[in-house]
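Enquirer: Below is one structure. I have some questions about it.
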Amino acid sequence: MDSDARRAFVRENSFCVWGYNRQKHGPAMTIGYYAMDGGDICFLTMAARAKAKAARRDPRASVCVIDMAKPPSYMLLYGSVQVESDPEYVLQIGTEIARIEMVREGNLGPDEQLVLPKEPALAWIKAENRVVLRFTPETTFYSPPTLGKSVEEKVEYRESLGEVEAGSIRIGQSLPW
């Protein structure tokens, strides 16, 4: 999968596992929908949540974008995070994430727009101190799904991907974003 295909994979999917470094323990993860802003992945949260605090302390993070097709596949992205707190920007991204969630859950048509009343939405953003975590990918790792209708077909497919070194099957590749 080349760079353009990787970007398309991230644009076409909208569900991820967000990984970040905790202060005193190992990595933490959160699932949720995201929206794209250019090449960046945007995730809505509250400023008081661990994700936002971690981003301010250490901007390194990872995002695992999940393709919910069967069989599923995923792409890992590694990069850095900026915390965006401008209420208008948070409203714009929050509205898009809410639209994506409504479409994915079957409550809104794919071509329908979601219109939120601006003043109540801004009041909610301010009351909960909502922010956007804007993730800029730097490196990606894609793992294709293992195809086949039986265990034998799956093994044959994996072997068809080629050998990297003795005993290791090539199932993914790291590339710059």
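Simple scheme: letters A, B, ... for chains in structure tokens order, numbers from 1 for residues in each chain, numbers from 1 for ligands in the order shown.
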Can you tell me which residues surround A:Tyr157 at a distance of at most 8 Å, considering only C-alpha atoms, apart from same-chain residues fewer than 3 positions away, and format the answer as a list in words?
Expert: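 Residues meeting the cut-off are Thr146, Leu147, Gly148, Glu153, Lys154, Ser160 and Leu161 of chain A.
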Enquirer: Using DSSP on the backbone coordinates, identify all residues within stretch 55-158 of chain A classified as strand (DSSP E or B); present the result as a PyMOL selection string.
Expert: chain A and resi 60-67+73-84+130-143
Enquirer: Save the residues we just selected, N, CA and C atoms, as a short mmCIF file (atom, residue, chain, number, x, y, z; two decimals), in the first residue's frame?
Expert:
data_model
loop_
_atom_site.label_atom_id
_atom_site.label_comp_id
_atom_site.auth_asym_id
_atom_site.auth_seq_id
_atom_site.Cartn_x
_atom_site.Cartn_y
_atom_site.Cartn_z
N ARG A 60 3.77 13.03 21.69
CA ARG A 60 3.84 11.79 20.91
C ARG A 60 2.62 10.93 21.19
N ALA A 61 2.05 10.37 20.13
CA ALA A 61 0.88 9.51 20.28
C ALA A 61 0.84 8.54 19.11
N SER A 62 -0.10 7.61 19.19
CA SER A 62 -0.34 6.70 18.08
C SER A 62 -1.85 6.55 17.90
N VAL A 63 -2.23 6.27 16.68
CA VAL A 63 -3.62 6.06 16.34
C VAL A 63 -3.68 4.78 15.52
N CYS A 64 -4.60 3.90 15.89
CA CYS A 64 -4.83 2.67 15.13
C CYS A 64 -6.19 2.82 14.44
N VAL A 65 -6.16 3.05 13.14
CA VAL A 65 -7.39 3.19 12.35
C VAL A 65 -7.85 1.79 11.96
N ILE A 66 -9.12 1.53 12.24
CA ILE A 66 -9.66 0.19 12.03
C ILE A 66 -10.65 0.20 10.88
N ASP A 67 -10.44 -0.70 9.94
CA ASP A 67 -11.38 -0.95 8.85
C ASP A 67 -12.30 -2.05 9.35
N SER A 73 -8.98 -5.03 8.84
CA SER A 73 -7.57 -4.68 8.74
C SER A 73 -7.38 -3.40 9.53
N TYR A 74 -6.16 -2.98 9.65
CA TYR A 74 -5.88 -1.78 10.44
C TYR A 74 -4.63 -1.09 9.93
N MET A 75 -4.49 0.16 10.32
CA MET A 75 -3.28 0.91 10.03
C MET A 75 -2.88 1.64 11.31
N LEU A 76 -1.62 1.48 11.68
CA LEU A 76 -1.08 2.22 12.82
C LEU A 76 -0.42 3.48 12.30
N LEU A 77 -0.67 4.59 12.99
CA LEU A 77 -0.04 5.85 12.64
C LEU A 77 0.67 6.37 13.89
N TYR A 78 1.87 6.84 13.71
CA TYR A 78 2.65 7.42 14.80
C TYR A 78 2.91 8.87 14.45
N GLY A 79 2.78 9.76 15.44
CA GLY A 79 3.00 11.17 15.15
C GLY A 79 2.90 12.00 16.40
N SER A 80 2.51 13.26 16.20
CA SER A 80 2.43 14.19 17.32
C SER A 80 1.06 14.86 17.36
N VAL A 81 0.72 15.35 18.56
CA VAL A 81 -0.61 15.90 18.82
C VAL A 81 -0.50 17.35 19.26
N GLN A 82 -1.44 18.15 18.78
CA GLN A 82 -1.64 19.52 19.26
C GLN A 82 -3.02 19.58 19.86
N VAL A 83 -3.15 20.31 20.96
CA VAL A 83 -4.45 20.50 21.58
C VAL A 83 -5.02 21.82 21.06
N GLU A 84 -6.17 21.74 20.38
CA GLU A 84 -6.82 22.92 19.82
C GLU A 84 -8.02 23.28 20.70
N ARG A 130 -14.47 21.45 26.09
CA ARG A 130 -14.12 20.53 25.02
C ARG A 130 -12.95 21.07 24.21
N VAL A 131 -12.09 20.15 23.76
CA VAL A 131 -10.95 20.48 22.92
C VAL A 131 -10.85 19.44 21.80
N VAL A 132 -10.06 19.76 20.81
CA VAL A 132 -9.77 18.83 19.72
C VAL A 132 -8.30 18.43 19.83
N LEU A 133 -8.07 17.14 19.80
CA LEU A 133 -6.71 16.63 19.70
C LEU A 133 -6.43 16.47 18.21
N ARG A 134 -5.50 17.27 17.71
CA ARG A 134 -5.18 17.26 16.28
C ARG A 134 -3.87 16.49 16.10
N PHE A 135 -4.01 15.30 15.55
CA PHE A 135 -2.89 14.37 15.40
C PHE A 135 -2.30 14.48 14.00
N THR A 136 -1.02 14.75 13.91
CA THR A 136 -0.32 14.82 12.63
C THR A 136 0.53 13.57 12.46
N PRO A 137 0.14 12.68 11.54
CA PRO A 137 0.90 11.44 11.34
C PRO A 137 2.28 11.71 10.75
N GLU A 138 3.22 10.87 11.15
CA GLU A 138 4.58 10.94 10.60
C GLU A 138 4.97 9.62 9.94
N THR A 139 4.60 8.51 10.60
CA THR A 139 4.94 7.18 10.13
C THR A 139 3.70 6.30 10.19
N THR A 140 3.59 5.35 9.27
CA THR A 140 2.46 4.45 9.25
C THR A 140 2.93 3.00 9.17
N PHE A 141 2.09 2.12 9.66
CA PHE A 141 2.30 0.68 9.50
C PHE A 141 0.95 0.09 9.13
N TYR A 142 0.88 -0.57 7.99
CA TYR A 142 -0.38 -1.17 7.54
C TYR A 142 -0.26 -2.68 7.57
N SER A 143 -1.30 -3.32 8.06
CA SER A 143 -1.35 -4.77 8.04
C SER A 143 -2.59 -5.18 7.25
#
Enquirer: Counting only C-alpha atoms, which residues in stretch 3-69 of chain A sit no more than 10 Å from stretch 86-98 of chain A? For each one, give the nearest pair of atoms and the distance in Å, sorted by chain then residue number, as JSON lines.
Expert:
{"residue": "A:Ser14", "atom": "CA", "partner": "A:Ile97", "partner_atom": "CA", "distance": 8.6}
{"residue": "A:Gly32", "atom": "CA", "partner": "A:Ile97", "partner_atom": "CA", "distance": 9.4}
{"residue": "A:Tyr33", "atom": "CA", "partner": "A:Ile97", "partner_atom": "CA", "distance": 6.4}
{"residue": "A:Tyr34", "atom": "CA", "partner": "A:Ile97", "partner_atom": "CA", "distance": 5.7}
{"residue": "A:Ala35", "atom": "CA", "partner": "A:Ile97", "partner_atom": "CA", "distance": 5.4}
{"residue": "A:Met36", "atom": "CA", "partner": "A:Ile93", "partner_atom": "CA", "distance": 8.3}
{"residue": "A:Asp37", "atom": "CA", "partner": "A:Ile93", "partner_atom": "CA", "distance": 8.2}
{"residue": "A:Cys42", "atom": "CA", "partner": "A:Ile93", "partner_atom": "CA", "distance": 7.1}
{"residue": "A:Phe43", "atom": "CA", "partner": "A:Ile97", "partner_atom": "CA", "distance": 8.0}
{"residue": "A:Leu44", "atom": "CA", "partner": "A:Gly94", "partner_atom": "CA", "distance": 6.3}
{"residue": "A:Thr45", "atom": "CA", "partner": "A:Gly94", "partner_atom": "CA", "distance": 9.3}
Enquirer: Based on the backbone DSSP call, show me all residues of stretch 64-138 of chain A assigned helix (DSSP H, G or I), as a list in words.
Expert: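 Restricting stretch 64-138 of chain A to helix (DSSP H, G or I) produces Pro87, Glu88, Tyr89, Val90, Leu91, Gln92, Ile93, Gly94, Thr95, Glu96, Ile97, Ala98, Arg99, Ile100, Glu101, Met102, Val103, Arg104, Lys118, Glu119, Pro120, Ala121, Leu122, Ala123, Trp124, Ile125, Lys126 and Ala127 of chain A.
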